[in-house]
$ cat coords_16.cif   # mmCIF, C-alpha atoms
data_start
loop_
_atom_site.label_atom_id
_atom_site.label_comp_id
_atom_site.auth_asym_id
_atom_site.auth_seq_id
_atom_site.Cartn_x
_atom_site.Cartn_y
_atom_site.Cartn_z
CA MET A 1 -25.48 33.84 -19.14
CA LYS A 2 -25.06 30.80 -16.91
CA LYS A 3 -23.12 28.96 -19.60
CA ALA A 4 -20.83 31.95 -20.07
CA TRP A 5 -20.03 32.01 -16.33
CA GLN A 6 -19.26 28.29 -16.38
CA LEU A 7 -16.91 28.80 -19.30
CA PHE A 8 -15.23 31.69 -17.50
CA TRP A 9 -14.63 29.68 -14.34
CA SER A 10 -13.42 26.54 -16.10
CA PHE A 11 -10.86 28.47 -18.10
CA PHE A 12 -9.98 30.56 -15.05
CA ARG A 13 -9.00 27.33 -13.32
CA ILE A 14 -7.02 26.20 -16.35
CA GLY A 15 -5.19 29.53 -16.44
CA ALA A 16 -4.47 29.47 -12.71
CA PHE A 17 -3.08 25.97 -12.40
CA THR A 18 -1.04 25.31 -15.51
CA PHE A 19 2.63 26.17 -15.55
CA GLY A 20 4.67 26.44 -18.70
CA GLY A 21 1.93 27.02 -21.24
CA GLY A 22 1.54 25.17 -24.53
CA TYR A 23 1.48 21.41 -24.28
CA ALA A 24 1.71 21.51 -20.50
CA MET A 25 -1.87 22.77 -20.64
CA LEU A 26 -3.20 19.89 -22.73
CA THR A 27 -3.64 17.53 -19.78
CA MET A 28 -5.37 20.15 -17.67
CA ILE A 29 -7.68 21.16 -20.53
CA GLN A 30 -8.57 17.54 -21.26
CA ASN A 31 -9.35 16.92 -17.61
CA GLU A 32 -11.53 20.00 -17.19
CA ILE A 33 -13.21 20.21 -20.60
CA CYS A 34 -13.58 16.55 -21.65
CA GLU A 35 -13.92 14.63 -18.40
CA ARG A 36 -15.58 17.08 -16.03
CA LYS A 37 -17.66 19.35 -18.27
CA LYS A 38 -17.99 17.11 -21.34
CA TRP A 39 -17.90 20.16 -23.62
CA ALA A 40 -15.71 18.42 -26.17
CA THR A 41 -14.25 15.00 -26.94
CA GLU A 42 -10.52 14.34 -26.67
CA ASP A 43 -10.23 14.28 -30.45
CA GLU A 44 -11.85 17.69 -30.68
CA ILE A 45 -9.33 19.06 -28.18
CA ILE A 46 -6.43 17.66 -30.22
CA ASP A 47 -7.93 19.30 -33.33
CA CYS A 48 -8.18 22.52 -31.36
CA PHE A 49 -4.50 22.31 -30.49
CA THR A 50 -3.50 21.60 -34.07
CA ILE A 51 -5.39 24.67 -35.26
CA SER A 52 -3.89 26.76 -32.45
CA GLN A 53 -0.41 25.75 -33.51
CA CYS A 54 -0.80 27.01 -37.04
CA THR A 55 -2.59 30.24 -36.19
CA PRO A 56 -0.97 33.23 -34.53
CA GLY A 57 -1.23 33.79 -30.81
CA VAL A 58 -0.94 32.00 -27.52
CA ILE A 59 -2.05 28.35 -27.73
CA ALA A 60 -4.07 28.36 -24.48
CA VAL A 61 -5.95 31.48 -25.54
CA ASN A 62 -6.69 30.06 -28.99
CA THR A 63 -8.08 26.89 -27.43
CA ALA A 64 -10.23 28.88 -25.00
CA THR A 65 -11.67 31.05 -27.79
CA ASN A 66 -12.34 27.98 -29.92
CA ILE A 67 -14.20 25.98 -27.25
CA GLY A 68 -16.00 29.03 -25.87
CA PHE A 69 -17.26 29.98 -29.33
CA LYS A 70 -18.52 26.48 -30.05
CA GLN A 71 -20.32 26.30 -26.70
CA ASP A 72 -21.94 29.70 -26.51
CA GLY A 73 -21.15 31.83 -29.57
CA TYR A 74 -19.41 35.19 -29.20
CA LYS A 75 -20.46 35.50 -25.56
CA GLY A 76 -18.86 32.16 -24.77
CA ALA A 77 -15.70 33.02 -26.69
CA VAL A 78 -15.27 36.26 -24.73
CA ALA A 79 -16.01 34.55 -21.39
CA ALA A 80 -13.56 31.67 -21.95
CA THR A 81 -10.81 33.97 -23.25
CA LEU A 82 -11.15 36.40 -20.33
CA GLY A 83 -11.20 33.41 -17.97
CA VAL A 84 -7.90 32.03 -19.18
CA ILE A 85 -6.07 35.39 -18.96
CA THR A 86 -7.46 36.72 -15.67
CA PRO A 87 -5.27 34.60 -13.33
CA SER A 88 -2.15 35.79 -15.20
CA LEU A 89 -3.26 39.40 -14.87
CA ILE A 90 -3.75 39.09 -11.11
CA ILE A 91 -0.61 37.06 -10.33
CA ILE A 92 1.74 39.05 -12.54
CA ILE A 93 0.50 42.44 -11.30
CA LEU A 94 1.13 41.30 -7.70
CA ILE A 95 4.64 40.10 -8.52
CA ALA A 96 5.47 43.19 -10.55
CA SER A 97 4.51 45.51 -7.70
CA LEU A 98 6.56 43.41 -5.26
CA LEU A 99 9.62 43.55 -7.54
CA ASP A 100 9.27 47.33 -7.84
CA ASN A 101 9.39 47.69 -4.07
CA PHE A 102 12.48 45.53 -3.62
CA SER A 103 14.50 46.35 -6.71
CA ASP A 104 16.97 48.55 -4.75
CA ASN A 105 17.85 45.76 -2.37
CA ILE A 106 21.38 44.44 -3.01
CA TYR A 107 20.36 40.80 -2.51
CA VAL A 108 17.48 41.14 -4.94
CA THR A 109 19.84 42.67 -7.50
CA ARG A 110 22.33 39.81 -7.09
CA ALA A 111 19.58 37.20 -7.29
CA LEU A 112 18.24 38.80 -10.47
CA ASN A 113 21.75 38.77 -12.00
CA GLY A 114 21.90 35.04 -11.35
CA ILE A 115 18.39 34.50 -12.72
CA ARG A 116 19.25 36.32 -15.97
CA VAL A 117 21.83 33.62 -16.77
CA ILE A 118 19.13 30.98 -16.31
CA VAL A 119 16.80 32.91 -18.60
CA LEU A 120 19.48 32.93 -21.29
CA ILE A 121 19.56 29.13 -21.00
CA PHE A 122 15.74 28.99 -21.33
CA ILE A 123 15.92 31.01 -24.52
CA LEU A 124 18.69 28.80 -25.93
CA ASP A 125 16.44 25.80 -25.14
CA ALA A 126 13.68 27.46 -27.14
CA VAL A 127 16.06 28.00 -30.07
CA ILE A 128 16.99 24.29 -30.03
CA LYS A 129 13.31 23.28 -29.82
CA PHE A 130 12.30 25.57 -32.69
CA TRP A 131 15.29 24.35 -34.74
CA LYS A 132 14.34 20.68 -34.28
CA SER A 133 10.67 21.15 -35.14
CA GLY A 134 11.01 23.85 -37.77
CA ILE A 135 13.99 23.23 -40.04
CA LYS A 136 13.57 20.02 -41.94
CA ASN A 137 14.75 20.68 -45.49
CA THR A 138 16.88 22.95 -47.67
CA ALA A 139 14.10 25.47 -48.20
CA GLY A 140 13.67 25.73 -44.44
CA PHE A 141 17.39 26.26 -43.96
CA ILE A 142 17.45 28.99 -46.60
CA VAL A 143 14.58 30.84 -44.90
CA PHE A 144 16.42 30.47 -41.59
CA ALA A 145 19.73 31.78 -43.00
CA VAL A 146 18.15 34.72 -44.84
CA SER A 147 16.08 35.69 -41.79
CA LEU A 148 19.17 35.48 -39.60
CA VAL A 149 21.21 37.77 -41.86
CA LEU A 150 18.33 40.24 -42.30
CA SER A 151 17.68 40.45 -38.58
CA LEU A 152 21.25 40.38 -37.28
CA PHE A 153 23.07 42.57 -39.83
CA ALA A 154 20.42 44.56 -41.65
CA LYS A 155 18.36 45.03 -38.43
CA VAL A 156 15.14 44.38 -40.34
CA SER A 157 12.10 44.38 -38.05
CA SER A 158 10.73 40.98 -36.99
CA VAL A 159 7.34 41.82 -38.49
CA TYR A 160 8.80 42.15 -42.01
CA ILE A 161 10.79 38.95 -41.58
CA VAL A 162 7.66 36.99 -40.65
CA ILE A 163 5.81 38.52 -43.63
CA PHE A 164 8.72 37.61 -45.92
CA ALA A 165 8.67 34.02 -44.66
CA LEU A 166 4.91 33.85 -45.13
CA ILE A 167 5.12 35.01 -48.77
CA PHE A 168 8.01 32.63 -49.46
CA SER A 169 6.05 29.78 -47.90
CA ILE A 170 2.95 30.47 -50.02
CA VAL A 171 5.01 30.74 -53.23
CA LEU A 172 6.86 27.53 -52.41
CA TYR A 173 3.58 25.74 -51.72
CA MET A 174 2.07 26.85 -55.05
CA PHE A 175 5.29 25.94 -56.89
CA ASN A 176 5.27 22.43 -55.42
CA LYS A 177 1.58 22.07 -56.25
CA CYS A 178 2.21 23.01 -59.90
CA LYS A 179 5.13 20.60 -60.13
CA GLU A 180 2.99 17.82 -58.69
CA LYS A 181 0.27 18.52 -61.24
CA ARG A 182 2.75 18.56 -64.11
CA THR A 183 4.33 15.23 -63.16
CA MET A 184 0.86 13.76 -62.81
CA ASN A 185 -0.11 15.08 -66.24
CA THR A 186 3.00 13.70 -67.95
CA LYS A 187 2.39 10.40 -66.22
CA GLU A 188 -1.14 10.32 -67.59
CA ASP A 189 0.16 11.21 -71.07
CA ASN A 190 2.64 8.36 -70.90
CA ASP A 191 -0.04 5.98 -69.75
CA GLY A 192 -2.22 7.10 -72.68
CA LYS A 193 0.57 6.42 -75.19
CA ASN A 194 1.35 3.00 -73.74
CA SER A 195 -2.20 1.72 -73.93
CA MET B 1 -4.53 63.06 -24.03
CA GLU B 2 -0.94 61.95 -24.58
CA ARG B 3 -1.46 59.36 -21.91
CA ILE B 4 -4.43 57.89 -23.78
CA LEU B 5 -2.38 57.83 -26.96
CA GLU B 6 0.29 55.85 -25.15
CA PHE B 7 -2.29 53.25 -24.12
CA VAL B 8 -3.44 52.99 -27.72
CA ILE B 9 0.17 52.50 -28.83
CA ILE B 10 0.80 49.77 -26.26
CA PHE B 11 -2.38 47.99 -27.39
CA PHE B 12 -1.27 48.00 -31.02
CA GLU B 13 2.33 47.05 -30.27
CA PHE B 14 1.09 43.95 -28.45
CA PHE B 15 -1.52 43.35 -31.12
CA LYS B 16 1.38 43.20 -33.59
CA ALA B 17 3.27 40.78 -31.36
CA GLY B 18 0.17 38.61 -31.00
CA LEU B 19 -0.40 38.58 -34.74
CA PHE B 20 3.14 37.82 -35.87
CA ALA B 21 4.48 35.61 -33.09
CA VAL B 22 3.55 32.19 -34.43
CA GLY B 23 4.51 29.18 -32.31
CA GLY B 24 3.65 30.05 -28.74
CA GLY B 25 5.01 32.01 -25.78
CA LEU B 26 8.73 32.34 -26.39
CA ALA B 27 8.17 33.41 -30.00
CA THR B 28 7.00 36.76 -28.59
CA ILE B 29 10.46 37.52 -27.16
CA PRO B 30 11.94 39.01 -30.37
CA PHE B 31 9.00 41.43 -30.52
CA LEU B 32 9.37 42.41 -26.86
CA TYR B 33 13.09 42.94 -27.40
CA GLU B 34 12.34 45.34 -30.23
CA MET B 35 9.88 47.16 -27.94
CA ALA B 36 12.61 47.62 -25.33
CA ASP B 37 14.68 49.32 -28.03
CA LYS B 38 11.88 51.47 -29.34
CA TYR B 39 10.03 52.59 -26.20
CA ASP B 40 10.95 53.26 -22.59
CA TRP B 41 8.28 50.95 -21.15
CA PHE B 42 10.88 48.51 -19.85
CA THR B 43 14.64 47.94 -20.15
CA LYS B 44 16.31 44.88 -21.60
CA GLU B 45 17.31 43.73 -18.10
CA GLU B 46 13.68 44.02 -17.01
CA LEU B 47 12.68 41.91 -20.02
CA LEU B 48 14.91 39.11 -18.69
CA ASP B 49 13.32 39.40 -15.22
CA MET B 50 9.96 39.30 -16.93
CA ILE B 51 10.81 36.06 -18.72
CA ALA B 52 11.94 34.49 -15.44
CA VAL B 53 8.71 35.53 -13.69
CA SER B 54 6.59 34.31 -16.60
CA GLU B 55 8.35 30.96 -16.70
CA SER B 56 7.82 30.37 -13.00
CA THR B 57 4.21 31.46 -12.59
CA PRO B 58 1.11 29.69 -13.92
CA GLY B 59 -0.60 30.80 -17.09
CA PRO B 60 0.42 31.16 -20.72
CA ILE B 61 3.86 32.78 -21.02
CA GLY B 62 2.88 35.25 -23.73
CA VAL B 63 0.02 36.58 -21.61
CA ASN B 64 2.23 36.81 -18.53
CA MET B 65 4.85 38.80 -20.41
CA ALA B 66 2.29 41.18 -21.87
CA THR B 67 0.77 41.80 -18.44
CA PHE B 68 4.18 42.45 -16.89
CA ALA B 69 5.27 44.82 -19.66
CA GLY B 70 1.95 46.66 -19.67
CA PHE B 71 1.98 47.04 -15.88
CA ARG B 72 5.49 48.52 -16.01
CA MET B 73 4.37 50.98 -18.62
CA GLY B 74 1.05 52.13 -17.21
CA GLY B 75 -0.14 50.31 -14.10
CA ILE B 76 -3.22 48.14 -14.12
CA ALA B 77 -4.75 49.94 -17.12
CA GLY B 78 -1.51 49.37 -19.04
CA ALA B 79 -1.53 45.68 -18.12
CA LEU B 80 -5.09 45.36 -19.41
CA CYS B 81 -4.32 47.17 -22.67
CA ALA B 82 -1.22 45.08 -23.39
CA THR B 83 -2.87 41.76 -22.56
CA LEU B 84 -6.03 42.46 -24.55
CA GLY B 85 -3.86 43.65 -27.42
CA LEU B 86 -1.90 40.40 -27.41
CA VAL B 87 -5.02 38.26 -27.22
CA ALA B 88 -7.14 40.14 -29.80
CA PRO B 89 -5.53 38.76 -33.00
CA ALA B 90 -5.80 35.17 -31.76
CA PHE B 91 -9.43 35.78 -30.81
CA ILE B 92 -10.33 37.17 -34.24
CA VAL B 93 -8.38 34.55 -36.19
CA ILE B 94 -9.84 31.61 -34.25
CA ILE B 95 -13.40 32.81 -34.69
CA ILE B 96 -12.81 33.14 -38.44
CA VAL B 97 -11.22 29.68 -38.56
CA VAL B 98 -14.03 28.04 -36.58
CA LYS B 99 -16.75 29.76 -38.60
CA PHE B 100 -15.38 29.34 -42.09
CA ILE B 101 -12.45 26.99 -42.42
CA GLU B 102 -13.08 24.20 -39.96
CA LYS B 103 -16.12 23.02 -41.90
CA ASN B 104 -13.87 21.43 -44.46
CA LYS B 105 -11.60 20.09 -41.71
CA ASP B 106 -8.14 18.69 -42.45
CA ASN B 107 -6.83 21.85 -43.97
CA PRO B 108 -3.32 20.89 -45.06
CA VAL B 109 -2.73 24.15 -46.94
CA LEU B 110 -2.94 26.27 -43.78
CA LYS B 111 -0.67 23.92 -41.87
CA LYS B 112 1.91 23.66 -44.65
CA VAL B 113 2.03 27.41 -45.18
CA MET B 114 2.30 28.10 -41.44
CA ASP B 115 5.03 25.47 -41.05
CA GLY B 116 7.05 27.58 -43.48
CA LEU B 117 7.20 30.33 -40.83
CA LYS B 118 9.00 28.19 -38.28
CA PRO B 119 12.53 28.65 -39.71
CA ALA B 120 12.08 32.43 -39.63
CA VAL B 121 10.87 32.27 -36.02
CA THR B 122 13.91 30.11 -35.17
CA ALA B 123 16.21 32.78 -36.62
CA LEU B 124 14.44 35.59 -34.74
CA VAL B 125 14.66 33.82 -31.39
CA LEU B 126 18.34 33.01 -32.06
CA VAL B 127 19.12 36.67 -32.78
CA THR B 128 17.39 37.65 -29.53
CA ALA B 129 19.42 35.00 -27.68
CA LEU B 130 22.64 36.51 -29.10
CA ASN B 131 21.59 40.01 -28.03
CA ILE B 132 20.76 38.76 -24.55
CA PHE B 133 24.13 36.94 -24.46
CA ASN B 134 25.71 40.33 -25.05
CA GLU B 135 23.66 41.93 -22.24
CA VAL B 136 24.34 39.22 -19.70
CA PHE B 137 28.09 38.73 -20.15
CA PHE B 138 29.39 42.18 -21.08
CA ILE B 139 28.86 45.29 -19.03
CA LYS B 140 27.98 48.06 -21.50
CA GLY B 141 28.07 45.61 -24.42
CA ALA B 142 30.65 43.54 -26.30
CA LYS B 143 31.76 46.44 -28.52
CA ASN B 144 33.10 48.37 -25.53
CA PHE B 145 34.81 45.25 -24.27
CA LEU B 146 36.60 44.70 -27.59
CA LYS B 147 37.78 48.31 -27.59
CA ASN B 148 38.94 48.14 -24.00
CA PRO B 149 39.34 44.51 -22.93
CA SER B 150 39.35 44.73 -19.16
CA ILE B 151 37.96 42.29 -16.62
CA ASP B 152 35.76 45.06 -15.21
CA LEU B 153 33.66 45.02 -18.35
CA PHE B 154 33.23 41.26 -18.42
CA ASN B 155 30.86 39.33 -16.16
CA TYR B 156 33.08 36.30 -15.58
CA LYS B 157 30.83 35.06 -12.74
CA SER B 158 27.88 34.96 -15.12
CA LEU B 159 29.94 32.97 -17.62
CA ILE B 160 30.95 30.42 -14.95
CA LEU B 161 27.35 30.04 -13.82
CA PHE B 162 26.23 29.70 -17.44
CA ILE B 163 28.78 26.99 -18.26
CA VAL B 164 28.03 25.01 -15.09
CA ILE B 165 24.23 25.07 -15.42
CA PHE B 166 24.25 24.54 -19.18
CA GLY B 167 26.75 21.69 -18.72
CA ILE B 168 24.63 20.01 -16.04
CA ARG B 169 21.49 20.30 -18.14
CA TYR B 170 23.29 18.98 -21.20
CA ALA B 171 25.09 16.13 -19.42
CA PHE B 172 21.87 14.91 -17.81
CA SER B 173 19.61 15.72 -20.74
CA LYS B 174 18.52 12.08 -20.88
CA ASN B 175 17.66 11.98 -17.18
CA LYS B 176 13.88 12.05 -16.97
CA LYS B 177 13.72 13.42 -13.43
CA LEU B 178 15.92 16.38 -14.33
CA LYS B 179 13.93 16.98 -17.48
CA LYS B 180 10.68 17.09 -15.55
CA LEU B 181 12.10 19.59 -13.08
CA HIS B 182 10.01 22.72 -13.25
CA SER B 183 11.50 25.93 -14.68
CA SER B 184 10.98 27.72 -11.38
CA VAL B 185 13.47 25.34 -9.71
CA TRP B 186 16.17 26.54 -12.10
CA VAL B 187 15.15 30.15 -11.50
CA LEU B 188 15.55 29.51 -7.76
CA VAL B 189 19.00 27.92 -8.32
CA GLY B 190 19.99 31.01 -10.31
CA ALA B 191 18.76 33.36 -7.60
CA VAL B 192 20.59 31.51 -4.78
CA LEU B 193 23.85 31.29 -6.74
CA GLY B 194 23.54 34.95 -7.70
CA ILE B 195 23.43 35.88 -4.01
CA VAL B 196 26.15 33.39 -2.95
CA LEU B 197 28.53 34.43 -5.74
CA LYS B 198 27.76 38.15 -5.13
CA MET B 199 27.02 38.65 -8.80
#
$ encode --input "coords_16.cif" --output "structure tokens"
Amino acid sequence: MKKAWQLFWSFFRIGAFTFGGGYAMLTMIQNEICERKKWATEDEIIDCFTISQCTPGVIAVNTATNIGFKQDGYKGAVAATLGVITPSLIIIILIASLLDNFSDNIYVTRALNGIRVIVLIFILDAVIKFWKSGIKNTAGFIVFAVSLVLSLFAKVSSVYIVIFALIFSIVLYMFNKCKEKRTMNTKEDNDGKNS
Amino acid sequence: MERILEFVIIFFEFFKAGLFAVGGGLATIPFLYEMADKYDWFTKEELLDMIAVSESTPGPIGVNMATFAGFRMGGIAGALCATLGLVAPAFIVIIIVVKFIEKNKDNPVLKKVMDGLKPAVTALVLVTALNIFNEVFFIKGAKNFLKNPSIDLFNYKSLILFIVIFGIRYAFSKNKKLKKLHSSVWVLVGAVLGIVLKM
């Protein structure tokens, strides 16, 4: 039980003091988990992040579950995961109740109108970031274009679009694998003839 | 009884978002936008406020947004349901990965297949950005504006603010100090200008 509490508190601190999520958390996690607690090496944390990036869900939560599970089984996984989300729960509930009380105030309304423009810029930033890291070849562009048309004009739900991309990605991977095998086979055949 | 059902629904809606939003916090926005259409838990304007709050408070953005949305819908119990719903798929998937897959580490198949999802996520976030564009600049939507093009239906102050801030960020995009500036600073700039410009 002691270990579970330690995991809870460490990840509570990580949740409470990291802004921005994702990679912004890496430094904090390294400091707390590798240097102070010595629960994992830096390489293990990087591995953790790589796995988090290609599995669904919030990166910080994935990392917490991963380290918690390795340290103390299911109990540890639950403790670490609850630890990393508790600060958000407390802070956001406080802010949400404050906003509810002041939402009729004219200055608050004007400030929120200004903030909404900034949020639009944040989202455009995210689009640019996703574009740079995600679309690297023709196949990627085709998936992008088809998803765009399906979502914008046919109003297909995001869930189906992600499933469609997943199936396409698996098929493409298997196709490439087969092609690789075939070229390797023909190469071997040619080598056999030559010798 | 209906109330309990609503909590179950909010759990599963966020479970869905947690399962399908691959690529971190902002990838959840398309799913939240669809929720604003489908349920009356929060409006689209409130979603934008939510994003601003999430960006300027500590903690993972996806979790912050789930808490905010859940709290709006059903108080503290709602916040708990939404957040646990969002986190549950990640929790299950990671335990499976750690128990079964990580043994034969370097798993390039998983990474390659998941990389194939990124273009779709890019498109989804772009569509959400376009919808939000519509919300922010046109009162009652662009369609009404095209039918009846009057200045009353167009938020020209928002457009000016957008061009100025976007321009500054673009012009100084190589400036390291500006790049390191925390999101909450920009949120504060937006709030002050919103009040000064009487938006």
$ resolve_selection --input "coords_16.cif" --expression "the PyMOL selection byres ((chain A and resi 2-5) around 6)" --output "MDAnalysis selection string"
chainID A and resid 1 6:8 76 79
$ write_last_selection --input "coords_16.cif" --atoms "C-alpha atoms" --output "tab-separated table (two decimals), in the coordinates of the input"
chain	number	residue	atom	x	y	z
A	1	MET	CA	-25.48	33.84	-19.14
A	6	GLN	CA	-19.26	28.29	-16.38
A	7	LEU	CA	-16.91	28.80	-19.30
A	8	PHE	CA	-15.23	31.69	-17.50
A	76	GLY	CA	-18.86	32.16	-24.77
A	79	ALA	CA	-16.01	34.55	-21.39
$ resolve_selection --input "coords_16.cif" --expression "the PyMOL selection byres ((chain A and resi 133-140) around 12)" --output "ChimeraX atom specification"
/A:126-132,141-147,165-166,168-169,171-173,176 /B:22-23,112-123
$ resolve_selection --input "coords_16.cif" --expression "the PyMOL selection byres ((chain A and resi 108) around 12)" --output "compact mmCIF listing (two decimals) with C-alpha atoms, keeping the file's coordinate frame"
# COMPACT_ATOMS: atom_id res chain seq x y z
CA LEU A 98 6.56 43.41 -5.26
CA LEU A 99 9.62 43.55 -7.54
CA ASP A 100 9.27 47.33 -7.84
CA ASN A 101 9.39 47.69 -4.07
CA PHE A 102 12.48 45.53 -3.62
CA SER A 103 14.50 46.35 -6.71
CA ASP A 104 16.97 48.55 -4.75
CA ASN A 105 17.85 45.76 -2.37
CA ILE A 106 21.38 44.44 -3.01
CA TYR A 107 20.36 40.80 -2.51
CA THR A 109 19.84 42.67 -7.50
CA ARG A 110 22.33 39.81 -7.09
CA ALA A 111 19.58 37.20 -7.29
CA LEU A 112 18.24 38.80 -10.47
CA ASN A 113 21.75 38.77 -12.00
CA GLY A 114 21.90 35.04 -11.35
CA ILE A 115 18.39 34.50 -12.72
CA ASP B 49 13.32 39.40 -15.22
CA GLY B 190 19.99 31.01 -10.31
CA ALA B 191 18.76 33.36 -7.60
CA VAL B 192 20.59 31.51 -4.78
CA LEU B 193 23.85 31.29 -6.74
CA GLY B 194 23.54 34.95 -7.70
CA ILE B 195 23.43 35.88 -4.01
CA VAL B 196 26.15 33.39 -2.95
CA LYS B 198 27.76 38.15 -5.13
CA MET B 199 27.02 38.65 -8.80
$ closest_residue --input "coords_16.cif" --among "B:Phe100, B:Phe12, B:Phe172, B:Phe91" --to "chain A" --atoms "all atoms listed in the file"
B:Phe91
$ closest_residue --input "coords_16.cif" --among "B:Ile29, B:Ala36, B:Gly59, B:Leu159" --to "A:Arg13" --atoms "all atoms listed in the file"
B:Gly59
$ atom_distance --input "coords_16.cif" --atom1 "atom CA of B:Arg72" --atom2 "atom CA of A:Lys155"
26.1 Å
$ atom_distance --input "coords_16.cif" --atom1 "atom CA of A:Leu89" --atom2 "atom CA of B:Cys81"
11.1 Å
$ closest_residue --input "coords_16.cif" --among "B:Ser54, B:Asn175, B:Asn144, B:Ser150" --to "chain A" --atoms "all atoms listed in the file"
B:Ser54
$ residues_around --input "coords_16.cif" --residues "A:Ser158" --least-positions-apart "5" --cutoff "8 Å" --atoms "all atoms listed in the file" --output "list in words"
Ser151 of chain A; Pro30, Phe31 and Leu124 of chain B
$ atom_distance --input "coords_16.cif" --atom1 "atom CA of A:Val162" --atom2 "atom CA of A:Phe69"
28.3 Å
$ residues_near_point --input "coords_16.cif" --point "(0.2, 43.2, -9.9)" --cutoff "10 Å" --atoms "all atoms listed in the file" --output "PDB file with C-alpha atoms, keeping the file's coordinate frame"
ATOM      1  CA  SER A  88      -2.150  35.790 -15.200  1.00  0.00           C
ATOM      2  CA  LEU A  89      -3.260  39.400 -14.870  1.00  0.00           C
ATOM      3  CA  ILE A  90      -3.750  39.090 -11.110  1.00  0.00           C
ATOM      4  CA  ILE A  91      -0.610  37.060 -10.330  1.00  0.00           C
ATOM      5  CA  ILE A  92       1.740  39.050 -12.540  1.00  0.00           C
ATOM      6  CA  ILE A  93       0.500  42.440 -11.300  1.00  0.00           C
ATOM      7  CA  LEU A  94       1.130  41.300  -7.700  1.00  0.00           C
ATOM      8  CA  ILE A  95       4.640  40.100  -8.520  1.00  0.00           C
ATOM      9  CA  ALA A  96       5.470  43.190 -10.550  1.00  0.00           C
ATOM     10  CA  SER A  97       4.510  45.510  -7.700  1.00  0.00           C
ATOM     11  CA  LEU A  98       6.560  43.410  -5.260  1.00  0.00           C
ATOM     12  CA  LEU A  99       9.620  43.550  -7.540  1.00  0.00           C
TER      13      LEU A  99
ATOM     14  CA  THR B  67       0.770  41.800 -18.440  1.00  0.00           C
ATOM     15  CA  PHE B  68       4.180  42.450 -16.890  1.00  0.00           C
ATOM     16  CA  PHE B  71       1.980  47.040 -15.880  1.00  0.00           C
ATOM     17  CA  ARG B  72       5.490  48.520 -16.010  1.00  0.00           C
ATOM     18  CA  GLY B  75      -0.140  50.310 -14.100  1.00  0.00           C
ATOM     19  CA  ILE B  76      -3.220  48.140 -14.120  1.00  0.00           C
ATOM     20  CA  ALA B  79      -1.530  45.680 -18.120  1.00  0.00           C
TER      21      ALA B  79
END
$ residues_near_point --input "coords_16.cif" --point "(25.2, 37.9, -23.3)" --cutoff "12 Å" --atoms "only C-alpha atoms" --output "number ranges by chain"
A: 113, 116-121, 123-124; B: 44-45, 48, 127-143, 154-156, 158-159, 162
$ closest_residue --input "coords_16.cif" --among "B:Leu181, B:Leu197, B:Leu188, B:Val8" --to "B:Ala52" --atoms "all atoms listed in the file"
B:Leu188
$ closest_residue --input "coords_16.cif" --among "A:Thr18, A:Asn31, A:Asn185, A:Asn190" --to "chain B" --atoms "only C-alpha atoms"
A:Thr18
$ closest_residue --input "coords_16.cif" --among "A:Asp47, A:Glu32, A:Glu180, A:Glu188" --to "chain B" --atoms "only C-alpha atoms"
A:Asp47
$ residues_around --input "coords_16.cif" --residues "B:Ile92" --least-positions-apart "3" --cutoff "12 Å" --atoms "all atoms listed in the file" --output "JSON, numbers by chain"
{"A": [55, 56, 57, 61, 62, 65, 66, 69, 74, 77, 78, 81], "B": [15, 18, 19, 84, 85, 86, 87, 88, 89, 95, 96, 97, 98, 99]}
